[in-house]
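Student: Right, I'll just put the structure down here and ask away after.
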Amino acid sequence: MKKTLLLFLMVFSILLNLNAQDKLKMIFVGDIMGHGPQIESAAIETNKLYDYSPCFQYIAPLLAQADLAIGNLELTLPGKPPYTGYPTFKSPDELPLALRAAGFDLLVTANNHSNDGGLIGVQNTIRTIEKNGFYQTGTFIDSAHRAALYPLIVYKGNFKLAFLNYTYGTNGIPTPKPAVVNLIDEKAIKADIEAAKAHKPDAIITVVHWGDEYQLAENEKQRALAQKMLAWGSTMVIGAHPHVVQPIKNYPIQEPNGSTRNGLVVYSMGNFISAQTKTYTDIGLMVEIELEKNTQQTAVSGQPSAISHPQTSISKVEYIPVYRYIYRGANGKSVYTTVPVAAFENGEMQAIQPMPEATRAAMKLSANVIRKNLSQHGAVERKISAKEISLQTAEKK
């Protein structure tokens, strides 16, 4: 009787899990900058105490909906003043504290400003990020640190992910020894992707700092490198650096076994937050990417079979336009904050956070240019309502 019941429960469990699906939602954002006016705005006591939490108050509820939120930190954290903006970005340690509180989980740090703070800047940036509970990759304390932790392997739910990160250069500033900053080198990237594949991850995510600044279209070098990285094994390529939004595209990738998979490339998400004033640098993207793993189980002659190898695919890609909004705070200082365009453009948020009509019109104009550019390649926008980004704290998954 007990054996019959056990067999029944095993078969019932298998049938329940037939074609079981696991999903993982990631959110990627663009360049997190630290210009001088941003540092001034966050200062409570100059060179001693800073508060960046207002910058992300309208974004935190969206980040809370993701299993993993990933940002591109384009600045250094030297750990002590002087704190400076362009051309050498050195921000206070309170910035990553606010990013973590807002819901970010992982920061990539390989970019053209990685070496702005010298050796102390590279190493303290890594240590401060880690101290605040982030995953981090792209720059390393030394070669032993890189060898131990690269590719970055992240476990989330039933998913195992590999993250890679590279930059085209460091503005001519040599990387101070013994630190390591990952540079774009095709031979090295191919080898790193092979190393990532050896971990048998569900997805390989390659984040690249590349392209021409302020150009709304990717260049030929970006296209060629992206398709190589996909062919070598990357599931997706996520781009940063141009400070403006560039297209999201899909490429069919032929596998060695003859099958075809979809390769996703987000060429540039633009700025997430900055004090830049050039055209379209005040508009960026949050890109939501959902992975889905199909696990099939079957019963043969009443006995459970081995579980077939899970197949992971990109099941959904949607973007959320965000706008860098500057308003006057209660203390009379400018406040830099990132807001979802869709929730603000039609006046829904006026009672919570008023936006002057002229500012709203300018935001809509820039956002619609970006929307048109993205729609030409089939990208889909996720609409955000005021209710969805209410200031009630949402619990992070």
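In the structure tokens, each chain is lettered A, B, ... as it comes, each chain's residues begin at 1, and ligands are numbered from 1 in order of appearance.
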Give me the residues within 9 Å of Ala42 of chain A as a VMD selection string, counting only C-alpha atoms and dropping any in the same chain fewer than 6 places off.
Tutor: chain A and resid 49 to 55 95 334 to 336
Student: For the residues in that selection, give me C-alpha atoms as a CSV table (one decimal), in the first residue's frame.
Tutor:
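To be explicit, this is the file written out as result17.csv:
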chain,number,residue,atom,x,y,z
A,49,LEU,CA,27.8,64.0,4.5
A,50,TYR,CA,25.7,63.4,1.3
A,51,ASP,CA,22.2,62.1,0.6
A,52,TYR,CA,21.4,60.7,-2.9
A,53,SER,CA,18.1,59.0,-1.9
A,54,PRO,CA,15.9,61.7,-3.6
A,55,CYS,CA,17.5,60.8,-6.9
A,95,LEU,CA,25.9,57.2,-3.7
A,334,SER,CA,18.4,71.7,-7.0
A,335,VAL,CA,17.4,68.1,-6.7
A,336,TYR,CA,18.3,65.6,-9.5
Student: Which polymer residues have any atom within 8 Å of an atom of Thr312 of chain A, counting only C-alpha atoms, with same-chain residues fewer than 6 positions away left out, as a PyMOL selection string?
Tutor: chain A and resi 202-203+291-294
Student: Just write the chosen residues, C-alpha atoms, as a PDB file, in the first residue's frame.
Tutor:
ATOM      1  CA  ASP A 202      21.349  29.661 -18.065  1.00  0.00           C
ATOM      2  CA  ALA A 203      22.440  32.927 -19.716  1.00  0.00           C
ATOM      3  CA  LEU A 291      14.259  34.912 -19.025  1.00  0.00           C
ATOM      4  CA  GLU A 292      12.158  31.761 -19.129  1.00  0.00           C
ATOM      5  CA  LYS A 293      13.381  28.273 -18.440  1.00  0.00           C
ATOM      6  CA  ASN A 294      11.302  25.336 -19.676  1.00  0.00           C
TER       7      ASN A 294
END
Student: Given only C-alpha atoms as the basis, pick out the residue of A:Gln254, A:Asn72, A:Asn373, A:Gln276 nearest to Leu99 of chain A.
Tutor: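 Residue with the minimum atom-to-atom distance to Leu99 of chain A: A:Asn72.
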Student: Hey, what's within 7 Å of Gly30 of chain A if we count only C-alpha atoms and toss same-chain stuff fewer than 6 positions away? As a list of chain:residue names, please?
Tutor: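 In the requested form, the answer reads A:Gly71, A:Asn72, A:Ala240, A:Met269, A:Gly270, A:Asn271, A:Phe272, A:Gly284, A:Leu285.
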Student: Write out as a list of chain:residue names which residues come within 6 Å of Gln136 of chain A when counting only C-alpha atoms, dropping same-chain ones fewer than 2 positions away.
Tutor: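 In the requested format, the answer is A:Leu106, A:Leu107, A:Val108.
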Student: Would you mind listing what lies within 10 Å of Asn111 of chain A as a PyMOL selection string, with only C-alpha atoms counted and same-chain residues fewer than 6 positions away left out?
Tutor: chain A and resi 31+72-75+138-139+165-171+181-183+208-210+240-241
Student: Could you please take those selected residues and save N, CA and C atoms as a PDB file, in the first residue's frame?
Tutor:
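Contents of result.pdb, as written:
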ATOM      1  N   ASP A  31      23.853  54.921 -17.894  1.00  0.00           N
ATOM      2  CA  ASP A  31      24.982  55.518 -17.183  1.00  0.00           C
ATOM      3  C   ASP A  31      24.546  56.243 -15.913  1.00  0.00           C
ATOM      4  N   ASN A  72      25.077  50.692 -14.620  1.00  0.00           N
ATOM      5  CA  ASN A  72      26.433  51.001 -15.079  1.00  0.00           C
ATOM      6  C   ASN A  72      26.952  52.199 -14.285  1.00  0.00           C
ATOM      7  N   LEU A  73      27.887  51.954 -13.358  1.00  0.00           N
ATOM      8  CA  LEU A  73      28.415  53.016 -12.496  1.00  0.00           C
ATOM      9  C   LEU A  73      29.591  53.687 -13.197  1.00  0.00           C
ATOM     10  N   GLU A  74      29.328  54.859 -13.788  1.00  0.00           N
ATOM     11  CA  GLU A  74      30.374  55.529 -14.570  1.00  0.00           C
ATOM     12  C   GLU A  74      31.016  56.648 -13.741  1.00  0.00           C
ATOM     13  N   LEU A  75      31.690  56.242 -12.686  1.00  0.00           N
ATOM     14  CA  LEU A  75      32.388  57.180 -11.801  1.00  0.00           C
ATOM     15  C   LEU A  75      33.238  56.355 -10.852  1.00  0.00           C
ATOM     16  N   GLY A 138      33.903  43.914 -13.787  1.00  0.00           N
ATOM     17  CA  GLY A 138      34.451  44.804 -14.813  1.00  0.00           C
ATOM     18  C   GLY A 138      35.791  45.391 -14.431  1.00  0.00           C
ATOM     19  N   THR A 139      35.986  45.690 -13.149  1.00  0.00           N
ATOM     20  CA  THR A 139      37.271  46.151 -12.618  1.00  0.00           C
ATOM     21  C   THR A 139      37.616  45.280 -11.413  1.00  0.00           C
ATOM     22  N   ASN A 165      31.959  42.123 -18.502  1.00  0.00           N
ATOM     23  CA  ASN A 165      31.917  43.580 -18.647  1.00  0.00           C
ATOM     24  C   ASN A 165      33.246  44.103 -19.193  1.00  0.00           C
ATOM     25  N   TYR A 166      33.152  45.000 -20.209  1.00  0.00           N
ATOM     26  CA  TYR A 166      34.343  45.528 -20.880  1.00  0.00           C
ATOM     27  C   TYR A 166      34.139  46.990 -21.261  1.00  0.00           C
ATOM     28  N   THR A 167      35.266  47.716 -21.446  1.00  0.00           N
ATOM     29  CA  THR A 167      35.220  49.090 -21.931  1.00  0.00           C
ATOM     30  C   THR A 167      36.194  49.274 -23.089  1.00  0.00           C
ATOM     31  N   TYR A 168      35.839  50.207 -23.977  1.00  0.00           N
ATOM     32  CA  TYR A 168      36.706  50.489 -25.133  1.00  0.00           C
ATOM     33  C   TYR A 168      38.025  51.118 -24.710  1.00  0.00           C
ATOM     34  N   GLY A 169      38.064  51.812 -23.563  1.00  0.00           N
ATOM     35  CA  GLY A 169      39.279  52.479 -23.117  1.00  0.00           C
ATOM     36  C   GLY A 169      39.046  53.207 -21.809  1.00  0.00           C
ATOM     37  N   THR A 170      40.078  53.918 -21.351  1.00  0.00           N
ATOM     38  CA  THR A 170      40.005  54.638 -20.072  1.00  0.00           C
ATOM     39  C   THR A 170      40.494  56.082 -20.228  1.00  0.00           C
ATOM     40  N   ASN A 171      40.119  56.701 -21.341  1.00  0.00           N
ATOM     41  CA  ASN A 171      40.459  58.109 -21.609  1.00  0.00           C
ATOM     42  C   ASN A 171      41.960  58.367 -21.588  1.00  0.00           C
ATOM     43  N   VAL A 181      41.404  46.636 -15.269  1.00  0.00           N
ATOM     44  CA  VAL A 181      40.172  47.125 -15.889  1.00  0.00           C
ATOM     45  C   VAL A 181      39.996  46.358 -17.195  1.00  0.00           C
ATOM     46  N   ASN A 182      38.886  45.693 -17.362  1.00  0.00           N
ATOM     47  CA  ASN A 182      38.654  44.903 -18.576  1.00  0.00           C
ATOM     48  C   ASN A 182      38.497  45.799 -19.795  1.00  0.00           C
ATOM     49  N   LEU A 183      39.384  45.636 -20.765  1.00  0.00           N
ATOM     50  CA  LEU A 183      39.294  46.378 -22.023  1.00  0.00           C
ATOM     51  C   LEU A 183      38.734  45.475 -23.120  1.00  0.00           C
ATOM     52  N   VAL A 208      28.860  46.101 -22.304  1.00  0.00           N
ATOM     53  CA  VAL A 208      29.987  46.708 -23.019  1.00  0.00           C
ATOM     54  C   VAL A 208      29.863  48.228 -23.048  1.00  0.00           C
ATOM     55  N   HIS A 209      30.953  48.908 -22.739  1.00  0.00           N
ATOM     56  CA  HIS A 209      31.054  50.366 -22.825  1.00  0.00           C
ATOM     57  C   HIS A 209      31.700  50.677 -24.166  1.00  0.00           C
ATOM     58  N   TRP A 210      30.936  51.257 -25.086  1.00  0.00           N
ATOM     59  CA  TRP A 210      31.390  51.358 -26.474  1.00  0.00           C
ATOM     60  C   TRP A 210      30.623  52.442 -27.221  1.00  0.00           C
ATOM     61  N   ALA A 240      26.489  50.616 -23.167  1.00  0.00           N
ATOM     62  CA  ALA A 240      26.489  51.907 -22.490  1.00  0.00           C
ATOM     63  C   ALA A 240      27.574  52.779 -23.123  1.00  0.00           C
ATOM     64  N   HIS A 241      27.610  54.051 -22.727  1.00  0.00           N
ATOM     65  CA  HIS A 241      28.626  55.051 -23.062  1.00  0.00           C
ATOM     66  C   HIS A 241      28.153  56.226 -23.919  1.00  0.00           C
TER      67      HIS A 241
END
Student: Neighbours of Glu186 of chain A within 9 Å (only C-alpha atoms; same-chain residues fewer than 2 positions away dropped), as a ChimeraX atom specification?
Tutor: /A:184,188-191,225,228-229
